[in-house]
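Containing mmCIF, C-alpha atoms and all ligand atoms: protein-v8.cif.
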data_target
#
loop_
_atom_site.label_atom_id
_atom_site.label_comp_id
_atom_site.auth_asym_id
_atom_site.auth_seq_id
_atom_site.Cartn_x
_atom_site.Cartn_y
_atom_site.Cartn_z
CA MET A 1 9.38 21.23 -11.82
CA GLU A 2 10.28 22.65 -8.39
CA THR A 3 12.96 20.23 -7.12
CA ASN A 4 14.13 22.38 -4.19
CA ASN A 5 11.51 21.27 -1.75
CA LEU A 6 11.00 17.64 -2.61
CA PRO A 7 9.05 15.52 -0.12
CA LYS A 8 11.14 12.77 1.46
CA HIS A 9 8.23 10.41 1.82
CA VAL A 10 5.23 10.28 -0.51
CA ALA A 11 2.25 7.94 -0.10
CA ILE A 12 -0.39 7.33 -2.74
CA ILE A 13 -3.94 5.96 -2.64
CA MET A 14 -4.16 4.68 -6.21
CA ASP A 15 -7.89 4.95 -6.78
CA GLY A 16 -9.99 4.80 -9.92
CA ASN A 17 -8.91 1.66 -11.81
CA GLY A 18 -12.42 0.23 -11.85
CA ARG A 19 -14.10 3.43 -13.06
CA TRP A 20 -11.42 3.90 -15.71
CA ALA A 21 -12.21 0.46 -17.14
CA GLU A 22 -15.99 0.81 -16.79
CA SER A 23 -15.93 4.11 -18.70
CA ARG A 24 -14.39 2.13 -21.59
CA ASN A 25 -17.00 -0.63 -21.28
CA ARG A 26 -14.35 -3.00 -20.08
CA ASN A 27 -14.13 -5.29 -17.11
CA ARG A 28 -12.74 -3.73 -13.89
CA THR A 29 -9.72 -6.04 -14.14
CA PHE A 30 -8.67 -4.20 -17.31
CA GLY A 31 -8.35 -1.10 -15.14
CA HIS A 32 -6.12 -2.87 -12.62
CA LYS A 33 -3.84 -4.02 -15.43
CA ALA A 34 -3.58 -0.42 -16.66
CA GLY A 35 -3.00 0.58 -13.03
CA VAL A 36 0.13 -1.55 -12.86
CA GLU A 37 1.56 0.30 -15.89
CA LYS A 38 1.05 3.64 -14.13
CA THR A 39 2.55 2.27 -10.94
CA ARG A 40 5.72 1.51 -12.89
CA GLU A 41 5.80 5.02 -14.34
CA ILE A 42 5.40 6.68 -10.93
CA VAL A 43 7.97 4.41 -9.27
CA GLU A 44 10.55 5.17 -11.97
CA SER A 45 9.76 8.85 -11.80
CA SER A 46 10.16 8.88 -7.97
CA ALA A 47 13.49 7.06 -8.22
CA LYS A 48 14.80 9.49 -10.84
CA LEU A 49 13.71 12.53 -8.83
CA GLY A 50 15.51 11.26 -5.74
CA ILE A 51 12.50 10.78 -3.48
CA GLU A 52 13.58 8.69 -0.49
CA SER A 53 10.44 6.72 0.20
CA LEU A 54 7.22 5.94 -1.68
CA THR A 55 4.37 4.02 -0.06
CA LEU A 56 1.58 2.71 -2.29
CA PHE A 57 -1.80 1.42 -1.14
CA ALA A 58 -2.19 -1.71 -3.26
CA PHE A 59 -4.71 -3.70 -1.24
CA SER A 60 -6.55 -2.61 1.88
CA SER A 61 -7.78 -4.84 4.70
CA GLU A 62 -11.28 -3.95 3.42
CA ASN A 63 -10.59 -4.97 -0.22
CA TRP A 64 -11.24 -8.67 0.64
CA SER A 65 -14.96 -7.87 0.48
CA ARG A 66 -14.80 -7.15 -3.28
CA PRO A 67 -16.25 -9.74 -5.70
CA LYS A 68 -14.29 -13.00 -5.42
CA ASP A 69 -13.18 -12.88 -9.07
CA GLU A 70 -11.74 -9.41 -8.70
CA VAL A 71 -9.82 -10.36 -5.55
CA SER A 72 -8.36 -13.48 -7.27
CA TYR A 73 -7.41 -11.41 -10.31
CA LEU A 74 -5.63 -8.84 -8.12
CA MET A 75 -3.68 -11.60 -6.33
CA GLU A 76 -2.55 -13.08 -9.67
CA LEU A 77 -1.68 -9.61 -10.93
CA PHE A 78 0.52 -8.97 -7.88
CA VAL A 79 2.38 -12.27 -8.41
CA LEU A 80 2.92 -11.41 -12.09
CA ALA A 81 3.95 -7.81 -11.43
CA LEU A 82 6.42 -8.84 -8.71
CA LYS A 83 8.11 -11.28 -11.10
CA ARG A 84 8.17 -8.86 -14.01
CA GLU A 85 9.21 -5.68 -12.26
CA VAL A 86 12.27 -6.85 -10.29
CA LYS A 87 14.49 -5.97 -13.25
CA MET A 88 13.13 -2.42 -13.42
CA LEU A 89 13.45 -2.07 -9.63
CA ASN A 90 17.10 -3.14 -9.71
CA LYS A 91 17.85 -0.91 -12.68
CA ASN A 92 16.56 2.05 -10.65
CA ALA A 93 18.17 0.91 -7.34
CA VAL A 94 14.74 0.56 -5.73
CA LYS A 95 14.45 -1.42 -2.51
CA LEU A 96 11.06 -3.10 -2.22
CA SER A 97 9.28 -3.93 1.05
CA PHE A 98 5.73 -4.89 1.88
CA ILE A 99 3.84 -3.44 4.82
CA GLY A 100 0.62 -4.99 6.14
CA ASP A 101 -0.46 -8.42 7.25
CA THR A 102 0.86 -10.45 4.31
CA THR A 103 0.40 -13.72 6.25
CA GLN A 104 -3.20 -13.75 4.97
CA PHE A 105 -2.06 -14.08 1.34
CA SER A 106 -1.65 -17.39 -0.49
CA PRO A 107 1.68 -19.20 -0.02
CA LYS A 108 2.40 -18.47 -3.72
CA LEU A 109 1.99 -14.70 -3.29
CA GLN A 110 3.94 -14.74 -0.01
CA GLN A 111 6.76 -16.53 -1.81
CA SER A 112 6.73 -13.96 -4.66
CA ILE A 113 6.87 -11.15 -2.09
CA PHE A 114 9.79 -12.80 -0.31
CA GLU A 115 11.69 -13.31 -3.58
CA ALA A 116 11.16 -9.75 -4.85
CA GLU A 117 12.16 -8.29 -1.45
CA THR A 118 15.27 -10.48 -1.32
CA GLN A 119 16.29 -9.67 -4.90
CA THR A 120 16.11 -5.93 -4.24
CA CYS A 121 17.29 -5.79 -0.62
CA ASN A 122 20.79 -4.47 -1.41
CA ASN A 123 19.55 -1.49 -3.45
CA ASP A 124 20.28 1.88 -1.87
CA GLY A 125 17.91 4.14 -3.81
CA LEU A 126 14.17 4.70 -3.42
CA LEU A 127 12.44 2.74 -0.64
CA LEU A 128 9.27 1.39 -2.25
CA ASN A 129 6.76 0.23 0.33
CA ILE A 130 3.74 -1.66 -0.92
CA ALA A 131 0.86 -1.60 1.55
CA ALA A 132 -0.99 -4.88 1.08
CA ASN A 133 -3.66 -6.19 3.41
CA TYR A 134 -2.88 -2.99 5.23
CA GLY A 135 -5.17 -0.82 7.34
CA GLY A 136 -4.22 2.20 9.44
CA ARG A 137 -6.18 1.00 12.47
CA TRP A 138 -4.62 -2.45 12.14
CA ASP A 139 -1.19 -0.80 12.12
CA ILE A 140 -1.86 1.09 15.36
CA VAL A 141 -3.42 -1.90 17.15
CA ASN A 142 -0.52 -4.05 15.97
CA ALA A 143 1.97 -1.49 17.30
CA VAL A 144 0.24 -1.42 20.70
CA ASN A 145 0.19 -5.21 20.84
CA GLN A 146 3.91 -5.33 20.04
CA CYS A 147 4.54 -2.92 22.91
CA LEU A 148 2.46 -5.10 25.24
CA LYS A 149 4.36 -8.20 24.14
CA ALA A 150 7.65 -6.45 24.78
CA GLY A 151 6.48 -5.89 28.36
CA LYS A 152 5.85 -2.17 28.03
CA THR A 153 2.88 -2.43 30.38
CA LYS A 154 4.61 -1.18 33.50
CA GLN A 155 4.66 2.40 32.34
CA GLU A 156 2.40 4.44 30.06
CA LEU A 157 3.01 4.12 26.33
CA THR A 158 4.46 7.15 24.56
CA GLU A 159 4.11 8.33 20.97
CA SER A 160 7.67 7.13 20.38
CA ASP A 161 6.76 3.62 21.58
CA ILE A 162 3.93 3.47 19.04
CA GLU A 163 6.04 5.02 16.24
CA ALA A 164 8.79 2.47 16.81
CA ASN A 165 6.34 -0.38 16.26
CA LEU A 166 4.39 0.87 13.26
CA ALA A 167 4.82 -0.82 9.88
CA THR A 168 6.59 2.32 8.64
CA GLU A 169 9.27 2.18 11.33
CA GLY A 170 12.59 3.42 9.96
CA LEU A 171 11.03 5.34 7.06
CA PRO A 172 11.13 9.14 6.90
CA GLN A 173 8.08 10.99 8.26
CA LEU A 174 5.26 11.08 5.74
CA ASP A 175 5.35 14.45 3.93
CA LEU A 176 2.78 14.12 1.18
CA LEU A 177 -0.29 11.91 0.80
CA ILE A 178 -1.79 11.84 -2.69
CA ARG A 179 -5.16 10.32 -3.56
CA THR A 180 -6.25 9.93 -7.16
CA GLY A 181 -9.77 9.21 -8.43
CA GLY A 182 -11.62 12.26 -7.14
CA GLU A 183 -12.63 11.10 -3.63
CA LYS A 184 -11.43 13.15 -0.69
CA ARG A 185 -10.81 10.73 2.15
CA ILE A 186 -7.99 8.74 3.72
CA SER A 187 -9.81 5.36 3.75
CA ASN A 188 -7.91 3.91 6.71
CA PHE A 189 -4.53 4.30 4.98
CA LEU A 190 -1.61 5.73 7.01
CA ILE A 191 -3.85 7.38 9.61
CA TRP A 192 -1.18 7.83 12.30
CA GLN A 193 1.54 8.76 9.81
CA ALA A 194 -0.66 11.31 8.00
CA ALA A 195 -1.03 13.47 11.14
CA TYR A 196 1.16 16.23 9.68
CA ALA A 197 1.31 15.18 6.04
CA GLU A 198 0.19 17.51 3.29
CA LEU A 199 -2.83 16.12 1.43
CA TYR A 200 -3.24 16.30 -2.34
CA PHE A 201 -6.32 15.12 -4.18
CA SER A 202 -6.36 14.55 -7.93
CA ASP A 203 -9.49 14.03 -10.02
CA LYS A 204 -7.51 11.85 -12.41
CA LEU A 205 -8.26 8.14 -12.25
CA TRP A 206 -5.13 6.12 -11.38
CA PRO A 207 -4.52 4.79 -14.93
CA ASP A 208 -4.51 8.43 -16.12
CA PHE A 209 -2.19 9.66 -13.37
CA ASP A 210 1.10 10.00 -15.28
CA SER A 211 4.45 11.53 -14.42
CA VAL A 212 3.19 14.97 -15.54
CA ALA A 213 0.31 14.78 -13.05
CA TYR A 214 2.79 13.56 -10.42
CA ASP A 215 5.11 16.52 -11.08
CA LYS A 216 2.12 18.81 -10.63
CA ALA A 217 1.39 17.28 -7.20
CA LEU A 218 5.04 17.62 -6.19
CA SER A 219 5.17 21.24 -7.35
CA ASP A 220 2.00 21.97 -5.37
CA TYR A 221 3.63 20.44 -2.29
CA ALA A 222 6.84 22.44 -2.83
CA LEU A 223 4.92 25.70 -2.52
CA ARG A 224 3.13 24.85 0.70
CA GLN A 225 4.23 26.17 4.05
CA ARG A 226 4.28 23.44 6.68
CA ARG A 227 3.72 24.86 10.13
CA PHE A 228 3.49 21.81 12.44
CA GLY A 229 1.35 23.83 14.83
CA GLN A 230 3.54 26.94 14.79
CA THR A 231 2.55 30.36 13.47
CA SER A 232 3.45 31.48 9.99
CA ALA A 233 5.84 34.11 11.43
CA GLN A 234 7.69 31.49 13.51
CA VAL A 235 8.17 29.27 10.48
CA LYS A 236 9.47 32.17 8.37
CA LEU A 237 11.96 33.08 11.11
CA LYS A 238 13.22 29.48 11.27
CA HIS A 239 13.90 29.42 7.54
CA LYS A 240 15.70 32.78 7.41
C1 LIG B 301 -8.15 1.12 -6.81
O1 LIG B 301 -9.01 1.14 -7.89
C2 LIG B 301 -7.02 0.21 -6.85
C3 LIG B 301 -6.87 -0.94 -6.13
C4 LIG B 301 -7.90 -1.62 -5.34
C5 LIG B 301 -5.59 -1.58 -6.00
C6 LIG B 301 -5.01 -2.15 -7.20
C7 LIG B 301 -3.85 -1.40 -7.59
C8 LIG B 301 -3.15 -1.72 -8.66
C9 LIG B 301 -3.50 -2.86 -9.51
C10 LIG B 301 -1.99 -0.92 -8.99
C11 LIG B 301 -0.77 -1.78 -9.04
C12 LIG B 301 -0.16 -2.04 -7.76
C13 LIG B 301 0.91 -2.86 -7.58
C14 LIG B 301 1.65 -2.79 -6.32
C15 LIG B 301 1.43 -3.83 -8.58
P1 LIG B 301 -10.54 0.84 -7.62
O2 LIG B 301 -10.79 -0.56 -8.11
O3 LIG B 301 -10.91 1.08 -6.22
O4 LIG B 301 -11.22 1.88 -8.57
P2 LIG B 301 -12.72 2.44 -8.47
O5 LIG B 301 -12.76 3.36 -7.27
O6 LIG B 301 -12.87 3.18 -9.74
O7 LIG B 301 -13.65 1.29 -8.34
#

For this file, produce the structure as structure tokens.
Ligand code: FPP
Amino acid sequence: METNNLPKHVAIIMDGNGRWAESRNRNRTFGHKAGVEKTREIVESSAKLGIESLTLFAFSSENWSRPKDEVSYLMELFVLALKREVKMLNKNAVKLSFIGDTTQFSPKLQQSIFEAETQTCNNDGLLLNIAANYGGRWDIVNAVNQCLKAGKTKQELTESDIEANLATEGLPQLDLLIRTGGEKRISNFLIWQAAYAELYFSDKLWPDFDSVAYDKALSDYALRQRRFGQTSAQVKLKHK
């Protein structure tokens, strides 16, 4: 794999659990369980490669409208996974944080989140950010409201004001956004942060997206030329 040009910050829309299960005549929840296994594989792989930050879309603000049983199953699965995976996170020096409005979750899940974050807070390796009850528009509105609360109404807001109040504050700029499951959209994920990110779409359903598929995405990224609005010639000159 090309490790010269590794992205600092990767985000993933882990899509396709339901279809993966349905294609095996199983309940959608079976797909989510398999999805957790793949999440572990990709987290470990990211930590070993030396990626600085990985942000995973685990539950969107819109996911509450799924069937009640599926939502309850996902909540239980998160509690279970948080308890089980702390050991693996510590072994790989991964620091876990949640982004999104977690106040809407049950007290039990909020407690599990708090415990897992606390138990991994001294790790200095990969920053693993789980987006839960997260939406990109929510993030921007929340940032603006924070600015208003801080009394930033006397002058016009700048991009830096918004950046400093987004849920991803302090993380490296987003370099690569991956979506599995064949759809080609951002689905209200990191809409501000993705402004200059490279996009990579995989047809693989999330439970099939293994470390080999991940390496392929990273190699694809490594070969891209990021121009940030400049011309190709300007970029080449800068890297000479
Ligand atoms: C998308 O599949 C996945 C989700 C809604 C989120 C659930 C993610 C996991 C269980 C992975 C584990 C995450 C953590 C942090 C433990 P989908 O149901 O939308 O699939 P479909 O498009 O085939 O219906």

What's around range 66-82 of chain A at 7 Å? Count only C-alpha atoms, leave out sequence neighbours fewer than 2 positions away in its own chain, and write the answer as a ChimeraX atom specification.
/A:29,63-64,84-86,109,112,116

Hey, which of A:Leu6, A:Leu199, A:Ala213, A:Ile12 ends up closest to ligand LIG 301 (chain B)? Count only C-alpha atoms and all ligand atoms.
A:Ile12

Could you report the residues within 6 Å of ligand LIG 301 (chain B), using all atoms listed in the file, as a ChimeraX atom specification?
/A:14-19,32,35-36,39,58-59,78,81,130

Would you kindly return, as a ChimeraX atom specification, each protein, DNA or RNA residue with an atom no farther than 10 Å from any atom of Arg224 in chain A, considering all atoms listed in the file and excluding same-chain residues fewer than 5 positions away?
/A:5,198,219

Take the residues from that selection and write them out as a PDB file, in the coordinates of the input, keeping C-alpha atoms.
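Listing of again33.pdb after writing:
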ATOM      1  CA  ASN A   5      11.510  21.270  -1.750  1.00  0.00           C
ATOM      2  CA  GLU A 198       0.190  17.510   3.290  1.00  0.00           C
ATOM      3  CA  SER A 219       5.170  21.240  -7.350  1.00  0.00           C
TER       4      SER A 219
END

Of the residues A:Ile42, A:Lys33, A:Ser61, A:Tyr134, which is the one nearest to Ala21 in chain A, using all atoms listed in the file?
A:Lys33

Taking all atoms listed in the file into account, which of A:Leu126, A:Ala143, A:Leu54, A:Leu176 comes nearest Leu89 in chain A?
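Among the listed residues, A:Leu126 lies closest to Leu89 in chain A.
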
Which residue is closest to Val212 in chain A? Choose from A:Asn92, A:Asn165, A:Ser45, A:Thr118 and count all atoms listed in the file.
A:Ser45

Which neighbours of Asp215 in chain A fall inside 12 Å, counting only C-alpha atoms, when residues of the same chain fewer than 6 positions from it are skipped, and could you give them as number ranges by chain?
A: 1-3, 6-7, 41-42, 45-46, 48-49, 178, 209, 221-222

Could you turn the residues from that selection into a file that holds C-alpha atoms, as a PDB file, keeping the file's coordinate frame?
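Ended up saving to selection22.pdb:
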ATOM      1  CA  MET A   1       9.380  21.230 -11.820  1.00  0.00           C
ATOM      2  CA  GLU A   2      10.280  22.650  -8.390  1.00  0.00           C
ATOM      3  CA  THR A   3      12.960  20.230  -7.120  1.00  0.00           C
ATOM      4  CA  LEU A   6      11.000  17.640  -2.610  1.00  0.00           C
ATOM      5  CA  PRO A   7       9.050  15.520  -0.120  1.00  0.00           C
ATOM      6  CA  GLU A  41       5.800   5.020 -14.340  1.00  0.00           C
ATOM      7  CA  ILE A  42       5.400   6.680 -10.930  1.00  0.00           C
ATOM      8  CA  SER A  45       9.760   8.850 -11.800  1.00  0.00           C
ATOM      9  CA  SER A  46      10.160   8.880  -7.970  1.00  0.00           C
ATOM     10  CA  LYS A  48      14.800   9.490 -10.840  1.00  0.00           C
ATOM     11  CA  LEU A  49      13.710  12.530  -8.830  1.00  0.00           C
ATOM     12  CA  ILE A 178      -1.790  11.840  -2.690  1.00  0.00           C
ATOM     13  CA  PHE A 209      -2.190   9.660 -13.370  1.00  0.00           C
ATOM     14  CA  TYR A 221       3.630  20.440  -2.290  1.00  0.00           C
ATOM     15  CA  ALA A 222       6.840  22.440  -2.830  1.00  0.00           C
TER      16      ALA A 222
END

Nearest-residue call for Asp175 in chain A, choices A:Glu52, A:Asp208, A:Glu62, A:Asp101, using all atoms listed in the file:
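Checking each of A:Glu52, A:Asp208, A:Glu62, A:Asp101 against Asp175 in chain A, counting all atoms listed in the file, the winner is A:Glu52.
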
Excluding Phe201 in chain A and any residue of its chain fewer than 6 positions from it, enumerate the residues within 9 Å of it, using only C-alpha atoms, and give them as a ChimeraX atom specification.
/A:177-185,217

What gap, in Å, lies between CA of Lys149 in chain A and CA of Glu163 in chain A?
15.5 Å

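Separating CA of Leu237 in chain A from CA of His9 in chain A is a distance of 24.8 Å.
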
Between CA of Glu44 in chain A and CA of Cys121 in chain A, measure the distance and give it in Å to one decimal.
17.2 Å

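Compared by their closest atoms to Ile162 in chain A, and using all atoms listed in the file, the residues A:Val144, A:Ile13, A:Ala233, A:Leu174 rank with A:Val144 nearest.
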
Residue list as a list in words for point (-0.6, 9.9, 12.1), cut-off 10 Å, all atoms listed in the file
Gly136, Ile140, Glu163, Gln173, Leu174, Phe189, Leu190, Ile191, Trp192, Gln193, Ala194, Ala195, Tyr196 and Ala197 of chain A

Sorted per-residue table, range 36-104 of chain A near range 166-171 of chain A, closest atoms and distance, 8 Å, all atoms listed in the file, as CSV:
residue,atom,partner,partner_atom,distance
A:Ser53,CA,A:Leu171,CA,7.0
A:Ile99,CA,A:Ala167,CA,5.8
A:Gly100,CA,A:Ala167,CA,7.0

Each side padded by 6 Å, which centre and which edge lengths in Å (one decimal) define the axis-aligned box around the listed atoms of range 65-83 of chain A? Give them as lines of an AutoDock Vina configuration file.
center_x = -4.1
center_y = -10.3
center_z = -5.8
size_x = 36.4
size_y = 18.3
size_z = 24.6

Complete range 70-87 of chain A at the level of N, CA and C atoms, written as a compact mmCIF listing (two decimals), keeping the file's coordinate frame.
# COMPACT_ATOMS: atom_id res chain seq x y z
N GLU A 70 -12.63 -10.58 -8.65
CA GLU A 70 -11.74 -9.41 -8.70
C GLU A 70 -10.57 -9.60 -7.73
N VAL A 71 -10.88 -10.14 -6.54
CA VAL A 71 -9.82 -10.36 -5.55
C VAL A 71 -8.80 -11.36 -6.12
N SER A 72 -9.29 -12.47 -6.72
CA SER A 72 -8.36 -13.48 -7.27
C SER A 72 -7.52 -12.86 -8.38
N TYR A 73 -8.15 -12.03 -9.21
CA TYR A 73 -7.41 -11.41 -10.31
C TYR A 73 -6.29 -10.53 -9.74
N LEU A 74 -6.64 -9.74 -8.71
CA LEU A 74 -5.63 -8.84 -8.12
C LEU A 74 -4.45 -9.64 -7.56
N MET A 75 -4.76 -10.78 -6.91
CA MET A 75 -3.68 -11.60 -6.33
C MET A 75 -2.75 -12.11 -7.44
N GLU A 76 -3.36 -12.58 -8.54
CA GLU A 76 -2.55 -13.08 -9.67
C GLU A 76 -1.72 -11.94 -10.28
N LEU A 77 -2.36 -10.78 -10.36
CA LEU A 77 -1.68 -9.61 -10.93
C LEU A 77 -0.47 -9.22 -10.08
N PHE A 78 -0.61 -9.31 -8.76
CA PHE A 78 0.52 -8.97 -7.88
C PHE A 78 1.67 -9.95 -8.10
N VAL A 79 1.33 -11.25 -8.20
CA VAL A 79 2.38 -12.27 -8.41
C VAL A 79 3.13 -11.95 -9.71
N LEU A 80 2.35 -11.69 -10.76
CA LEU A 80 2.92 -11.41 -12.09
C LEU A 80 3.79 -10.15 -12.06
N ALA A 81 3.24 -9.10 -11.46
CA ALA A 81 3.95 -7.81 -11.43
C ALA A 81 5.26 -7.95 -10.65
N LEU A 82 5.21 -8.69 -9.53
CA LEU A 82 6.42 -8.84 -8.71
C LEU A 82 7.52 -9.53 -9.51
N LYS A 83 7.12 -10.55 -10.29
CA LYS A 83 8.11 -11.28 -11.10
C LYS A 83 8.68 -10.37 -12.17
N ARG A 84 7.77 -9.66 -12.84
CA ARG A 84 8.17 -8.86 -14.01
C ARG A 84 8.98 -7.62 -13.66
N GLU A 85 8.67 -7.02 -12.52
CA GLU A 85 9.21 -5.68 -12.26
C GLU A 85 10.54 -5.66 -11.52
N VAL A 86 11.01 -6.83 -11.06
CA VAL A 86 12.27 -6.85 -10.29
C VAL A 86 13.41 -6.22 -11.09
N LYS A 87 13.45 -6.52 -12.39
CA LYS A 87 14.49 -5.97 -13.25
C LYS A 87 14.48 -4.44 -13.24
